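Engineer: Below are the structure tokens for one structure; questions will follow.
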Amino acid sequence: MIKFSERHLKIPKLSRPVYLVTAGQSKFGRAIPEKRIEELVVDALTMAAKLIDKTPAELKSYIHTAYYGHFADHFGDQLLGEAVIHDRLGLDPLGNIGIKTGGATGGSTLWEAVKTVASGYSDCVLAMGWERMDEVPTDEGNHLISCAADKDWETPLGHIYTGYYAVMAQKYWQVFGKEEDSFRQTMAEISVKHHGYARFNPFAHSPMKITTDDVLKSPVVAYPLRALDCCLMSVGAACAIICDEDTAMELTKNTKNKPLRIWVAAGSHTLRPACRRDMEIPLLPNETDDQYADLGKRFPGGDRYPGFTGFLAARMAVWYGYRMAGIVDPMEDLDVVELHDAFTISDIQTYEDIGLRPYGYGRDYVESGDCYHTNPNTGKPGRLPSNLSGGLIGCMHAVGATGIMQTFEIASHIWNRWGEIHEDSSLWDDFGRQKPDDWTNLQVNDAKKAMAISHAGVGSHVTATILMDPDHLLKEED
Amino acid sequence: MSMFGTVTVKDGKYRIKGDFHHISANIPIRNQDNAWQLIGVTNPRDMTYIHTYGGEAVFFENLSKGKIHGTRCDNPDCEFKGTVYIPFRIHCPDCLAKNTVVDLTDVCRKTAIIHTFMVCERSGAFNTLDKPIRFINIEFEGVTTILMSYLSVGEPKVGMRVVPIFRMLDPTYTITDLSWVAEATPESALPKGFSFGH
Ligand SMILES: [Zn+2]
């Protein structure tokens with residue numbers, strides 16, 4: 001589609017307010033041979049129950065329907081794995097459904113869960129996501145991932161997804177990065193930041209204390225991308241409990257979790273980047289009609305939109321999402337975000353798609369220090385910290401769970417429980433991980449509004465999950 | 001001795017001959033860290049799929065004849081009538097009318113330039129291309145989309161002119177039968193089995 005009808009652009013509306021009540025997650029790792037998925041899923045649900053001082057059985061007694069995010073059936077050689085999990089969680093004979101939208105599966109699972117509660121079908125639902133990518137060696141894994149590209153026009157070309165994806169990184173690197181060393185350095189800083197924040201997260205798969213030099217010396221995967229520019233491939237599970245207002249109040253009574261308002265919006269774009277057609281840039285509330293008129297002059301080659309440099313699905317997800325939730329300027333209106341850092345460079349592309357910076361200027365979000373918990377330039381709190389979990393580069397990418405992990409992370413800031421959850425030494429011990437001596441509490445002070453972006457592959461599906469403290473809404477209810 | 005699975009279609013049905021899977025034994029996975037206790041088992045899977053190209057078959061057949069076919073919407077009532085697609089689209093994405101198949105070989109020879117590219121050091125299982133793989137995305141004059149393929153001779157650059165080559169000797173009937181080389185590459189430099197298709 002290159003032209004919208006008025007109906008396409010209807011602002012989505014939930015029929016009643018919807019709340020995130022609690023969330024939980026398992027340990028994340030490259031391989032977890034000692035546990036089946038059902039064990040990791042039980043870990044996640046048990047944690048969600050514990051955060052609201054409930055037993056798993058008590059929490060389960062509220063659940064009316066279940067939404068399961070799991071992407072890659074062929075990794076586990078098990079179809080209808082959702083039904084297996086549903087049985088092991090003891091939720092039969094309640095209705096359940098599996099959701100799969102590649103890397104955005106976690107976000108899409110929340111999308112379905114929220115709409116179910118908004119419609120009145122259910123008052124309390126479980127959104128649970130997981131992935132297991134350790135059941136084949138890396139080479140075969142690369143092939144299975146490449147099956148998420150077009151099987152006739154792309155997959156036979158190397159059976160390697162990086163090849164189909166990274167051509168977009170190359171274009172962005174040349175047009176907007178201008179192949180500058182300083183831009184390459186900024187990409188490396190993202191990896192340092194995300195592996196670094198992962199050090200304070202007991203759940204995280206890849207904590208590392210590294211420098212930009214380490215990133216720049218790591219092996220080339222597909223120039224300019226190096227090994228440390230790339231996200232992880234993880235095993236793990238994450239879940240969220242979504243409710244209507246009455247159930248949310250009842251479940252959280254006398255607990256430390258305040259029910260948070262939740263909105264999820266979604267966008268899409270062709271699976272085959274080859275088929276991207278030109279269009280006008282859909283503008284966000286903080287952009288103006290004329291601001292991109294001379295983009296091609298400022299960045300030669302940058303006049304084609306979305307071309308190979310923008311993620312239209314991400315732009316559309318926030319186009320709908322910001323208007324649903326009353327967000328005008330995400331830099332002003334949000335306090336913390338989790339973005340889908342599949343690669344350092346796509347993290348930068350996303351800053352532009354979601355309006356943290358105008359198209360062409362994403363790098364400034366890092367260079368200004370705005371994206372850090374503590375701005376390294378000023379020593380003051382970062383203006384809009386991102387990926388304090390460590391993101392996909394430092395924490396995990398267990399595909400079906402990722403979007404839900406991100407939501408758990410931003411919720412823990414609004415609940416003001418980040419420190420309590422992450423400093424717990426028994427958790428570090430349980431996971432067999434060493435808590436660093438310089439462990440730092442990354443709680444964002446006074447966080448009230450947050451967003452998580454869940455993104456599939458070359459940008460076929462993207463969701464924006466927005467959370468707000470209900471006493472700090474931006475928009476009057478209609 | 002097993003025989004490769006082969007398939008033909010007769011009377012509108014698949015006719016199947018040979019072996020479509022091979023059985024190997026499950027092997028226990030034991031935990032060296034814990035007294036070699038059983039932790040799991042391998043599940044070997046080796047099987048052959050039967051896949052139809054449907055309305056795109058003409059494209060893959062013609063690669064082996066040195067031709068690149070795309071499609072065009074000719075529906076007079078379509079707002080986007082005249083739009084030309086490669087990758088081949090059987091139906092117009094706007095009006096969903098059946099597109100007209102058009103021979104784009106000449107357009108490809110005369111106007112192909114690299115829009116973006118990626119030199120990839122890695123590949124996945126079942127890869128048949130030489131590494132590193134030089135992925136290229138190619139723009140053509142008058143075509144709305146940007147084809148993904150691979151460069152066999154030359155180092156890719158954005159804006160570089162390239163020309164198509166075809167695996168006409170022992171074609172695989174997959175997208176790998178189409179590749180590209182830098183303009184002015186001599187025929188003698190082409191990979192085995194490939195030609196310019198003239
Ligand atoms: Zn048409």
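Identifiers in the structure tokens: chain A, B, ... in order shown; residue index from 1 per chain; ligand index from 1 in order shown.
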Need to verify the contact set: A:Leu91, 9 Å, only C-alpha atoms, exclusion of same-chain residues closer than 3 positions in sequence. Can you return it as number ranges by chain?

Structural biologist: A: 60, 63-66, 85-88, 94-96

Engineer: Deliver the residues from the most recent selection as a file, using C-alpha atoms, as a CSV table (one decimal), in the first residue's frame.

Structural biologist:
chain,number,residue,atom,x,y,z
A,60,LYS,CA,-4.6,-18.5,37.7
A,63,ILE,CA,-7.4,-15.9,34.1
A,64,HIS,CA,-10.2,-16.2,31.5
A,65,THR,CA,-8.3,-16.7,28.2
A,66,ALA,CA,-4.7,-17.1,27.2
A,85,ILE,CA,2.1,-25.1,27.4
A,86,HIS,CA,-1.6,-24.4,28.1
A,87,ASP,CA,-2.0,-27.9,29.5
A,88,ARG,CA,1.2,-27.7,31.6
A,94,LEU,CA,-10.0,-22.1,28.9
A,95,GLY,CA,-9.8,-20.7,25.4
A,96,ASN,CA,-6.3,-20.0,24.1

Engineer: Report as a PDB file with C-alpha atoms, in the first residue's frame the set of chain B residues whose atoms approach chain A to within 9 Å, with distances computed over only C-alpha atoms.

Structural biologist:
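For reference, out.pdb as written:
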ATOM      1  CA  ILE B  39      19.338 -34.910  29.429  1.00  0.00           C
ATOM      2  CA  GLY B  40      17.738 -35.384  26.005  1.00  0.00           C
ATOM      3  CA  THR B  42      18.753 -36.002  19.016  1.00  0.00           C
ATOM      4  CA  ASN B  43      15.917 -36.112  16.488  1.00  0.00           C
ATOM      5  CA  TYR B  53       5.766 -22.098  -7.973  1.00  0.00           C
ATOM      6  CA  TYR B  85       7.111  -5.341 -10.745  1.00  0.00           C
ATOM      7  CA  ILE B  86      10.206  -7.480 -10.347  1.00  0.00           C
ATOM      8  CA  PRO B  87      10.057  -9.588  -8.114  1.00  0.00           C
ATOM      9  CA  PRO B  93      -1.226  -5.436  -5.032  1.00  0.00           C
ATOM     10  CA  ASP B  94      -3.645  -2.536  -5.498  1.00  0.00           C
ATOM     11  CA  HIS B 115      20.705   0.443  -4.888  1.00  0.00           C
ATOM     12  CA  THR B 116      22.419  -1.137  -1.890  1.00  0.00           C
ATOM     13  CA  PHE B 117      24.466  -4.225  -1.138  1.00  0.00           C
ATOM     14  CA  MET B 118      25.989  -6.339   1.599  1.00  0.00           C
ATOM     15  CA  VAL B 119      29.034  -8.560   1.634  1.00  0.00           C
ATOM     16  CA  CYS B 120      28.164 -11.406   3.968  1.00  0.00           C
ATOM     17  CA  GLU B 121      30.877 -13.637   5.396  1.00  0.00           C
ATOM     18  CA  ARG B 122      28.447 -16.168   6.813  1.00  0.00           C
ATOM     19  CA  SER B 123      25.803 -18.462   5.427  1.00  0.00           C
ATOM     20  CA  GLY B 124      23.262 -20.935   6.758  1.00  0.00           C
ATOM     21  CA  ALA B 125      22.936 -24.682   6.322  1.00  0.00           C
ATOM     22  CA  PHE B 126      21.999 -25.688   2.739  1.00  0.00           C
ATOM     23  CA  ASN B 127      23.755 -22.653   1.234  1.00  0.00           C
ATOM     24  CA  THR B 128      25.023 -23.294  -2.310  1.00  0.00           C
ATOM     25  CA  LEU B 129      26.626 -19.894  -3.056  1.00  0.00           C
ATOM     26  CA  ASP B 130      30.351 -19.138  -2.742  1.00  0.00           C
ATOM     27  CA  LYS B 131      31.352 -17.052   0.279  1.00  0.00           C
ATOM     28  CA  ILE B 133      28.143 -13.675  -0.630  1.00  0.00           C
ATOM     29  CA  ARG B 134      27.798 -10.274  -2.324  1.00  0.00           C
ATOM     30  CA  PHE B 135      24.105  -9.506  -1.864  1.00  0.00           C
ATOM     31  CA  ILE B 136      22.918  -6.713  -4.150  1.00  0.00           C
ATOM     32  CA  ASN B 137      19.598  -4.929  -4.498  1.00  0.00           C
ATOM     33  CA  ILE B 138      19.037  -3.660  -7.983  1.00  0.00           C
ATOM     34  CA  THR B 144       8.780   0.271  -9.040  1.00  0.00           C
ATOM     35  CA  THR B 145      10.543  -2.373  -6.922  1.00  0.00           C
ATOM     36  CA  ILE B 146      14.173  -3.244  -6.152  1.00  0.00           C
ATOM     37  CA  LEU B 147      15.257  -6.839  -6.867  1.00  0.00           C
ATOM     38  CA  MET B 148      17.427  -8.781  -4.419  1.00  0.00           C
ATOM     39  CA  SER B 149      20.123 -10.941  -6.010  1.00  0.00           C
ATOM     40  CA  TYR B 150      23.886 -11.581  -5.803  1.00  0.00           C
ATOM     41  CA  VAL B 158      26.032   1.844  -4.549  1.00  0.00           C
ATOM     42  CA  THR B 174      15.726 -21.442  -8.236  1.00  0.00           C
ATOM     43  CA  ILE B 175      16.471 -17.737  -7.855  1.00  0.00           C
ATOM     44  CA  THR B 176      20.194 -18.657  -7.690  1.00  0.00           C
TER      45      THR B 176
END

Engineer: Which residues sit within 8 Å of ligand 1, counting only C-alpha atoms and all ligand atoms, listed as an MDAnalysis selection string?

Structural biologist: chainID B and resid 73:75 77:83 91:97 99

Engineer: For the residues selected in the previous step, produce a file with N, CA, C and O atoms as a PDB file, in the first residue's frame.

Structural biologist:
ATOM      1  N   CYS B  73       0.618  -4.234 -14.091  1.00  0.00           N
ATOM      2  CA  CYS B  73      -0.832  -4.116 -13.993  1.00  0.00           C
ATOM      3  C   CYS B  73      -1.348  -3.360 -15.209  1.00  0.00           C
ATOM      4  O   CYS B  73      -0.945  -2.231 -15.458  1.00  0.00           O
ATOM      5  N   ASP B  74      -2.221  -3.997 -15.967  1.00  0.00           N
ATOM      6  CA  ASP B  74      -2.821  -3.353 -17.142  1.00  0.00           C
ATOM      7  C   ASP B  74      -4.315  -3.115 -16.953  1.00  0.00           C
ATOM      8  O   ASP B  74      -5.023  -2.863 -17.929  1.00  0.00           O
ATOM      9  N   ASN B  75      -4.782  -3.231 -15.744  1.00  0.00           N
ATOM     10  CA  ASN B  75      -6.210  -3.020 -15.489  1.00  0.00           C
ATOM     11  C   ASN B  75      -6.551  -1.543 -15.670  1.00  0.00           C
ATOM     12  O   ASN B  75      -6.080  -0.698 -14.911  1.00  0.00           O
ATOM     13  N   ASP B  77      -8.970   0.154 -14.922  1.00  0.00           N
ATOM     14  CA  ASP B  77      -9.656   0.766 -13.782  1.00  0.00           C
ATOM     15  C   ASP B  77      -8.753   0.911 -12.560  1.00  0.00           C
ATOM     16  O   ASP B  77      -9.186   1.401 -11.519  1.00  0.00           O
ATOM     17  N   CYS B  78      -7.501   0.450 -12.656  1.00  0.00           N
ATOM     18  CA  CYS B  78      -6.615   0.501 -11.485  1.00  0.00           C
ATOM     19  C   CYS B  78      -5.959   1.869 -11.380  1.00  0.00           C
ATOM     20  O   CYS B  78      -5.449   2.413 -12.361  1.00  0.00           O
ATOM     21  N   GLU B  79      -5.966   2.416 -10.168  1.00  0.00           N
ATOM     22  CA  GLU B  79      -5.347   3.719  -9.922  1.00  0.00           C
ATOM     23  C   GLU B  79      -3.846   3.677 -10.246  1.00  0.00           C
ATOM     24  O   GLU B  79      -3.236   4.686 -10.559  1.00  0.00           O
ATOM     25  N   PHE B  80      -3.260   2.489 -10.134  1.00  0.00           N
ATOM     26  CA  PHE B  80      -1.816   2.373 -10.331  1.00  0.00           C
ATOM     27  C   PHE B  80      -1.482   1.574 -11.592  1.00  0.00           C
ATOM     28  O   PHE B  80      -0.444   0.921 -11.678  1.00  0.00           O
ATOM     29  N   LYS B  81      -2.363   1.647 -12.571  1.00  0.00           N
ATOM     30  CA  LYS B  81      -2.174   0.960 -13.851  1.00  0.00           C
ATOM     31  C   LYS B  81      -0.812   1.315 -14.443  1.00  0.00           C
ATOM     32  O   LYS B  81      -0.385   2.463 -14.384  1.00  0.00           O
ATOM     33  N   GLY B  82      -0.145   0.288 -14.998  1.00  0.00           N
ATOM     34  CA  GLY B  82       1.147   0.539 -15.638  1.00  0.00           C
ATOM     35  C   GLY B  82       2.321   0.280 -14.722  1.00  0.00           C
ATOM     36  O   GLY B  82       3.475   0.298 -15.166  1.00  0.00           O
ATOM     37  N   THR B  83       2.071   0.028 -13.429  1.00  0.00           N
ATOM     38  CA  THR B  83       3.177  -0.225 -12.504  1.00  0.00           C
ATOM     39  C   THR B  83       3.827  -1.568 -12.837  1.00  0.00           C
ATOM     40  O   THR B  83       3.132  -2.563 -13.058  1.00  0.00           O
ATOM     41  N   HIS B  91      -0.486 -11.012  -9.034  1.00  0.00           N
ATOM     42  CA  HIS B  91      -1.626 -10.091  -9.015  1.00  0.00           C
ATOM     43  C   HIS B  91      -1.151  -8.689  -8.621  1.00  0.00           C
ATOM     44  O   HIS B  91      -0.211  -8.545  -7.842  1.00  0.00           O
ATOM     45  N   CYS B  92      -1.832  -7.676  -9.133  1.00  0.00           N
ATOM     46  CA  CYS B  92      -1.540  -6.302  -8.742  1.00  0.00           C
ATOM     47  C   CYS B  92      -1.885  -6.140  -7.256  1.00  0.00           C
ATOM     48  O   CYS B  92      -2.978  -6.503  -6.834  1.00  0.00           O
ATOM     49  N   PRO B  93      -0.943  -5.579  -6.457  1.00  0.00           N
ATOM     50  CA  PRO B  93      -1.226  -5.436  -5.032  1.00  0.00           C
ATOM     51  C   PRO B  93      -2.314  -4.393  -4.758  1.00  0.00           C
ATOM     52  O   PRO B  93      -2.866  -4.357  -3.654  1.00  0.00           O
ATOM     53  N   ASP B  94      -2.629  -3.563  -5.720  1.00  0.00           N
ATOM     54  CA  ASP B  94      -3.645  -2.536  -5.498  1.00  0.00           C
ATOM     55  C   ASP B  94      -5.037  -3.024  -5.891  1.00  0.00           C
ATOM     56  O   ASP B  94      -5.943  -3.028  -5.082  1.00  0.00           O
ATOM     57  N   CYS B  95      -5.202  -3.477  -7.149  1.00  0.00           N
ATOM     58  CA  CYS B  95      -6.549  -3.843  -7.615  1.00  0.00           C
ATOM     59  C   CYS B  95      -6.775  -5.347  -7.589  1.00  0.00           C
ATOM     60  O   CYS B  95      -7.897  -5.799  -7.799  1.00  0.00           O
ATOM     61  N   LEU B  96      -5.701  -6.120  -7.375  1.00  0.00           N
ATOM     62  CA  LEU B  96      -5.752  -7.593  -7.329  1.00  0.00           C
ATOM     63  C   LEU B  96      -6.127  -8.239  -8.661  1.00  0.00           C
ATOM     64  O   LEU B  96      -6.399  -9.435  -8.720  1.00  0.00           O
ATOM     65  N   ALA B  97      -6.131  -7.449  -9.756  1.00  0.00           N
ATOM     66  CA  ALA B  97      -6.315  -8.055 -11.081  1.00  0.00           C
ATOM     67  C   ALA B  97      -5.060  -8.851 -11.417  1.00  0.00           C
ATOM     68  O   ALA B  97      -3.991  -8.602 -10.865  1.00  0.00           O
ATOM     69  N   ASN B  99      -1.856  -9.642 -13.222  1.00  0.00           N
ATOM     70  CA  ASN B  99      -0.905  -8.821 -13.963  1.00  0.00           C
ATOM     71  C   ASN B  99      -0.536  -9.469 -15.294  1.00  0.00           C
ATOM     72  O   ASN B  99      -0.680 -10.681 -15.456  1.00  0.00           O
TER      73      ASN B  99
END

Engineer: Taking only C-alpha atoms into account, produce a table as CSV in which each residue of stretch 14-72 of chain B with an atom at most 12 Å from an atom of stretch 107-112 of chain B appears once, together with its shortest atom pair and the distance in Å to one decimal, ordered by chain and rising number.

Structural biologist:
residue,atom,partner,partner_atom,distance
B:Gly66,CA,B:Arg109,CA,11.2
B:Lys67,CA,B:Cys108,CA,9.7
B:Ile68,CA,B:Cys108,CA,7.7
B:His69,CA,B:Cys108,CA,9.8
B:Gly70,CA,B:Cys108,CA,10.4

Engineer: Using DSSP on the backbone coordinates, identify all residues within chain B classified as helix (DSSP H, G or I); present the result as a list in words.

Structural biologist: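 Selection result, helix (DSSP H, G or I) within chain B: Gly54, Gly55, Glu56, Ala57, Val58, Phe59, Phe60, Glu61, Asn62, Leu63, Thr105, Asp106, Val107, Cys108, Arg109, Lys110, Thr111, Ile175, Thr176, Asp177, Glu187, Ser188 and Ala189 of chain B.
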
Engineer: For A:Ala325, find every residue with an atom within 10 Å (counting only C-alpha atoms), except residues of its own chain fewer than 6 positions away, and show them as an MDAnalysis selection string.

Structural biologist: chainID A and resid 12:13 261:265 318 466:468 473:477

Engineer: Please measure the separation of atom CA of A:Asp446 and atom CA of A:Glu409, giving the value in Å to one decimal.

Structural biologist: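 So the answer is 14.8 Å.
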
Engineer: Which neighbours of A:Leu40 fall inside 12 Å, counting only C-alpha atoms, when residues of the same chain fewer than 2 positions from it are skipped, and could you give them as a PyMOL selection string?

Structural biologist: chain A and resi 24-29+32-38+42-47+85+88-89+128-132+235-239+398+401+431

Engineer: Atoms to include: C-alpha atoms. Write the selected residues as a tab-separated table (two decimals), in the first residue's frame.

Structural biologist:
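Writing done, so here's selection.tsv:
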chain	number	residue	atom	x	y	z
A	24	GLY	CA	7.33	-12.01	35.04
A	25	GLN	CA	10.15	-13.70	33.21
A	26	SER	CA	12.56	-16.61	33.31
A	27	LYS	CA	16.31	-16.60	33.10
A	28	PHE	CA	17.56	-15.94	29.55
A	29	GLY	CA	20.51	-17.76	28.00
A	32	ILE	CA	19.23	-23.91	28.73
A	33	PRO	CA	19.62	-27.67	28.30
A	34	GLU	CA	18.45	-28.50	31.81
A	35	LYS	CA	14.94	-27.09	31.33
A	36	ARG	CA	12.00	-27.66	29.02
A	37	ILE	CA	10.02	-24.65	27.82
A	38	GLU	CA	7.19	-25.54	30.18
A	42	VAL	CA	6.16	-21.79	34.90
A	43	ASP	CA	9.10	-19.72	36.22
A	44	ALA	CA	7.74	-16.62	34.45
A	45	LEU	CA	4.15	-17.07	35.65
A	46	THR	CA	5.27	-17.83	39.21
A	47	MET	CA	7.26	-14.60	39.25
A	85	ILE	CA	2.09	-25.10	27.43
A	88	ARG	CA	1.19	-27.71	31.58
A	89	LEU	CA	0.04	-24.40	33.08
A	128	MET	CA	2.87	-15.51	27.61
A	129	GLY	CA	5.76	-15.63	25.14
A	130	TRP	CA	8.74	-17.95	24.77
A	131	GLU	CA	11.31	-19.19	22.33
A	132	ARG	CA	13.79	-22.00	22.20
A	235	VAL	CA	16.08	-19.21	25.20
A	236	GLY	CA	13.54	-17.98	27.74
A	237	ALA	CA	9.97	-16.96	28.58
A	238	ALA	CA	8.14	-13.83	29.72
A	239	CYS	CA	4.52	-13.12	30.61
A	398	ALA	CA	14.06	-15.15	22.78
A	401	ALA	CA	9.20	-13.47	24.71
A	431	PHE	CA	20.52	-18.31	37.83

Engineer: Rank nothing, just name the residue among A:Lys297, A:His340, A:His461, A:Lys10 nearest to A:Tyr320, using only C-alpha atoms.

Structural biologist: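 Residue with the minimum atom-to-atom distance to A:Tyr320: A:Lys10.
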
Engineer: Can you tell me how far atom CA of A:Arg30 sits from atom CA of A:Ser191, in Å to one decimal?

Structural biologist: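 Interatomic distance here is 17.9 Å.
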
Engineer: Which residues are close to A:Val117, i.e. within 9 Å by only C-alpha atoms, leaving aside same-chain residues fewer than 6 positions away? Reply as a PyMOL selection string.

Structural biologist: chain A and resi 14-19+123-125+242-244

Engineer: What lies within 10 Å of A:Pro358 using only C-alpha atoms, ignoring chain neighbours under 4 positions off, as a PyMOL selection string?

Structural biologist: chain A and resi 284+286-287+291-292+351-354+362+364

Engineer: Could the residues in this selection be saved with C-alpha atoms as a PDB file, in the first residue's frame?

Structural biologist:
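What follows is the written file out.pdb:
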ATOM      1  CA  LEU A 284       3.958  12.022  13.748  1.00  0.00           C
ATOM      2  CA  ASN A 286       5.791  16.279  16.600  1.00  0.00           C
ATOM      3  CA  GLU A 287       6.636  16.631  12.894  1.00  0.00           C
ATOM      4  CA  GLN A 291      10.295  19.312   7.477  1.00  0.00           C
ATOM      5  CA  TYR A 292      11.291  16.518   5.118  1.00  0.00           C
ATOM      6  CA  TYR A 351      14.850   6.428  16.895  1.00  0.00           C
ATOM      7  CA  GLU A 352      13.754   8.176  13.700  1.00  0.00           C
ATOM      8  CA  ASP A 353      10.816   5.940  12.876  1.00  0.00           C
ATOM      9  CA  ILE A 354       9.315   6.549  16.313  1.00  0.00           C
ATOM     10  CA  GLY A 362      18.856   9.407  14.948  1.00  0.00           C
ATOM     11  CA  ASP A 364      21.977  12.473  18.061  1.00  0.00           C
TER      12      ASP A 364
END

Engineer: Give me, as a list in words, all polymer residues having an atom no more than 10 Å from A:Thr440, counting only C-alpha atoms and skipping those fewer than 5 positions away in the same chain.

Structural biologist: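 Selected residues are Tyr197, Arg199, Phe200, Asn201, Gly419, His422 and Glu423 of chain A.
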
Engineer: Residues of stretch 108-352 of chain A classed as strand (DSSP E or B) by DSSP on the backbone are to be reported as an MDAnalysis selection string.

Structural biologist: chainID A and resid 124:131 220:222 225:226 230 235:243 260:268 336:338 343

Engineer: Those selected residues, please, written with N, CA and C atoms and delivered as a short mmCIF file (atom, residue, chain, number, x, y, z; two decimals), in the first residue's frame.

Structural biologist:
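Heads up, here's the output in out.cif:
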data_model
loop_
_atom_site.label_atom_id
_atom_site.label_comp_id
_atom_site.auth_asym_id
_atom_site.auth_seq_id
_atom_site.Cartn_x
_atom_site.Cartn_y
_atom_site.Cartn_z
N CYS A 124 -9.65 -10.79 32.55
CA CYS A 124 -8.25 -11.04 32.94
C CYS A 124 -7.68 -12.07 31.98
N VAL A 125 -6.56 -11.72 31.34
CA VAL A 125 -5.95 -12.65 30.39
C VAL A 125 -4.47 -12.80 30.66
N LEU A 126 -3.96 -13.95 30.20
CA LEU A 126 -2.52 -14.21 30.27
C LEU A 126 -1.92 -13.99 28.88
N ALA A 127 -0.86 -13.17 28.82
CA ALA A 127 -0.05 -13.07 27.60
C ALA A 127 1.30 -13.69 27.94
N MET A 128 1.62 -14.79 27.30
CA MET A 128 2.87 -15.51 27.61
C MET A 128 3.65 -15.73 26.33
N GLY A 129 4.94 -15.40 26.33
CA GLY A 129 5.76 -15.63 25.14
C GLY A 129 7.00 -16.42 25.49
N TRP A 130 7.51 -17.19 24.55
CA TRP A 130 8.74 -17.95 24.77
C TRP A 130 9.40 -18.26 23.45
N GLU A 131 10.64 -18.70 23.52
CA GLU A 131 11.31 -19.19 22.33
C GLU A 131 12.42 -20.12 22.78
N VAL A 220 33.88 -9.07 11.61
CA VAL A 220 32.87 -8.53 10.69
C VAL A 220 31.86 -9.62 10.37
N VAL A 221 30.57 -9.29 10.51
CA VAL A 221 29.51 -10.21 10.11
C VAL A 221 29.07 -9.85 8.70
N ALA A 222 28.79 -8.57 8.51
CA ALA A 222 28.40 -8.04 7.21
C ALA A 222 28.70 -6.55 7.32
N LEU A 225 28.54 -4.05 9.92
CA LEU A 225 28.11 -4.70 11.15
C LEU A 225 29.13 -5.74 11.61
N ARG A 226 29.46 -5.67 12.89
CA ARG A 226 30.39 -6.63 13.48
C ARG A 226 29.64 -7.47 14.52
N CYS A 230 25.40 -7.06 16.91
CA CYS A 230 24.22 -7.90 16.63
C CYS A 230 23.55 -8.38 17.91
N VAL A 235 17.16 -18.35 24.72
CA VAL A 235 16.08 -19.21 25.20
C VAL A 235 15.48 -18.52 26.42
N GLY A 236 14.15 -18.54 26.54
CA GLY A 236 13.54 -17.98 27.74
C GLY A 236 12.06 -17.70 27.53
N ALA A 237 11.42 -17.24 28.60
CA ALA A 237 9.97 -16.96 28.58
C ALA A 237 9.68 -15.69 29.37
N ALA A 238 8.58 -15.02 28.99
CA ALA A 238 8.14 -13.83 29.72
C ALA A 238 6.62 -13.75 29.61
N CYS A 239 5.98 -13.18 30.64
CA CYS A 239 4.52 -13.12 30.61
C CYS A 239 4.01 -11.82 31.21
N ALA A 240 2.75 -11.51 30.91
CA ALA A 240 2.10 -10.33 31.46
C ALA A 240 0.64 -10.69 31.72
N ILE A 241 0.07 -10.08 32.75
CA ILE A 241 -1.34 -10.27 33.08
C ILE A 241 -2.06 -8.96 32.78
N ILE A 242 -3.07 -9.05 31.91
CA ILE A 242 -3.79 -7.88 31.42
C ILE A 242 -5.24 -7.96 31.91
N CYS A 243 -5.76 -6.87 32.47
CA CYS A 243 -7.09 -6.90 33.10
C CYS A 243 -7.91 -5.65 32.80
N LEU A 260 -1.26 -0.49 35.58
CA LEU A 260 -0.82 0.52 34.63
C LEU A 260 -1.70 0.49 33.39
N ARG A 261 -2.09 1.65 32.91
CA ARG A 261 -2.86 1.68 31.66
C ARG A 261 -1.97 1.19 30.53
N ILE A 262 -2.54 0.40 29.64
CA ILE A 262 -1.77 -0.16 28.53
C ILE A 262 -2.51 0.03 27.21
N TRP A 263 -1.76 0.44 26.20
CA TRP A 263 -2.25 0.51 24.82
C TRP A 263 -1.23 -0.22 23.95
N VAL A 264 -1.71 -0.92 22.94
CA VAL A 264 -0.79 -1.50 21.96
C VAL A 264 -1.31 -1.17 20.57
N ALA A 265 -0.44 -0.70 19.71
CA ALA A 265 -0.80 -0.43 18.31
C ALA A 265 0.19 -1.16 17.42
N ALA A 266 -0.24 -1.45 16.19
CA ALA A 266 0.59 -2.27 15.31
C ALA A 266 0.66 -1.71 13.90
N GLY A 267 1.77 -1.97 13.23
CA GLY A 267 1.94 -1.63 11.82
C GLY A 267 2.60 -2.79 11.10
N SER A 268 2.64 -2.71 9.78
CA SER A 268 3.25 -3.81 9.00
C SER A 268 3.92 -3.25 7.75
N VAL A 336 10.80 6.44 29.90
CA VAL A 336 11.74 5.33 29.66
C VAL A 336 11.20 4.50 28.49
N VAL A 337 12.11 3.97 27.67
CA VAL A 337 11.68 3.15 26.53
C VAL A 337 12.57 1.91 26.42
N GLU A 338 12.00 0.87 25.81
CA GLU A 338 12.77 -0.31 25.40
C GLU A 338 12.55 -0.44 23.90
N PHE A 343 20.12 -4.76 15.75
CA PHE A 343 21.49 -4.38 15.42
C PHE A 343 21.66 -2.95 15.92
#

Engineer: Between B:Gly193, B:Gly18, B:Pro44, B:Pro132, single out the one closest to B:Glu155, counting only C-alpha atoms.

Structural biologist: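 Closest to B:Glu155 of all the choices is B:Pro132.
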
Engineer: Give me, please, the distance in Å between atom CA of B:Ile165 and atom CA of B:Ser152, quoted to one decimal.

Structural biologist: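 Separation between atom CA of B:Ile165 and atom CA of B:Ser152: 8.8 Å.
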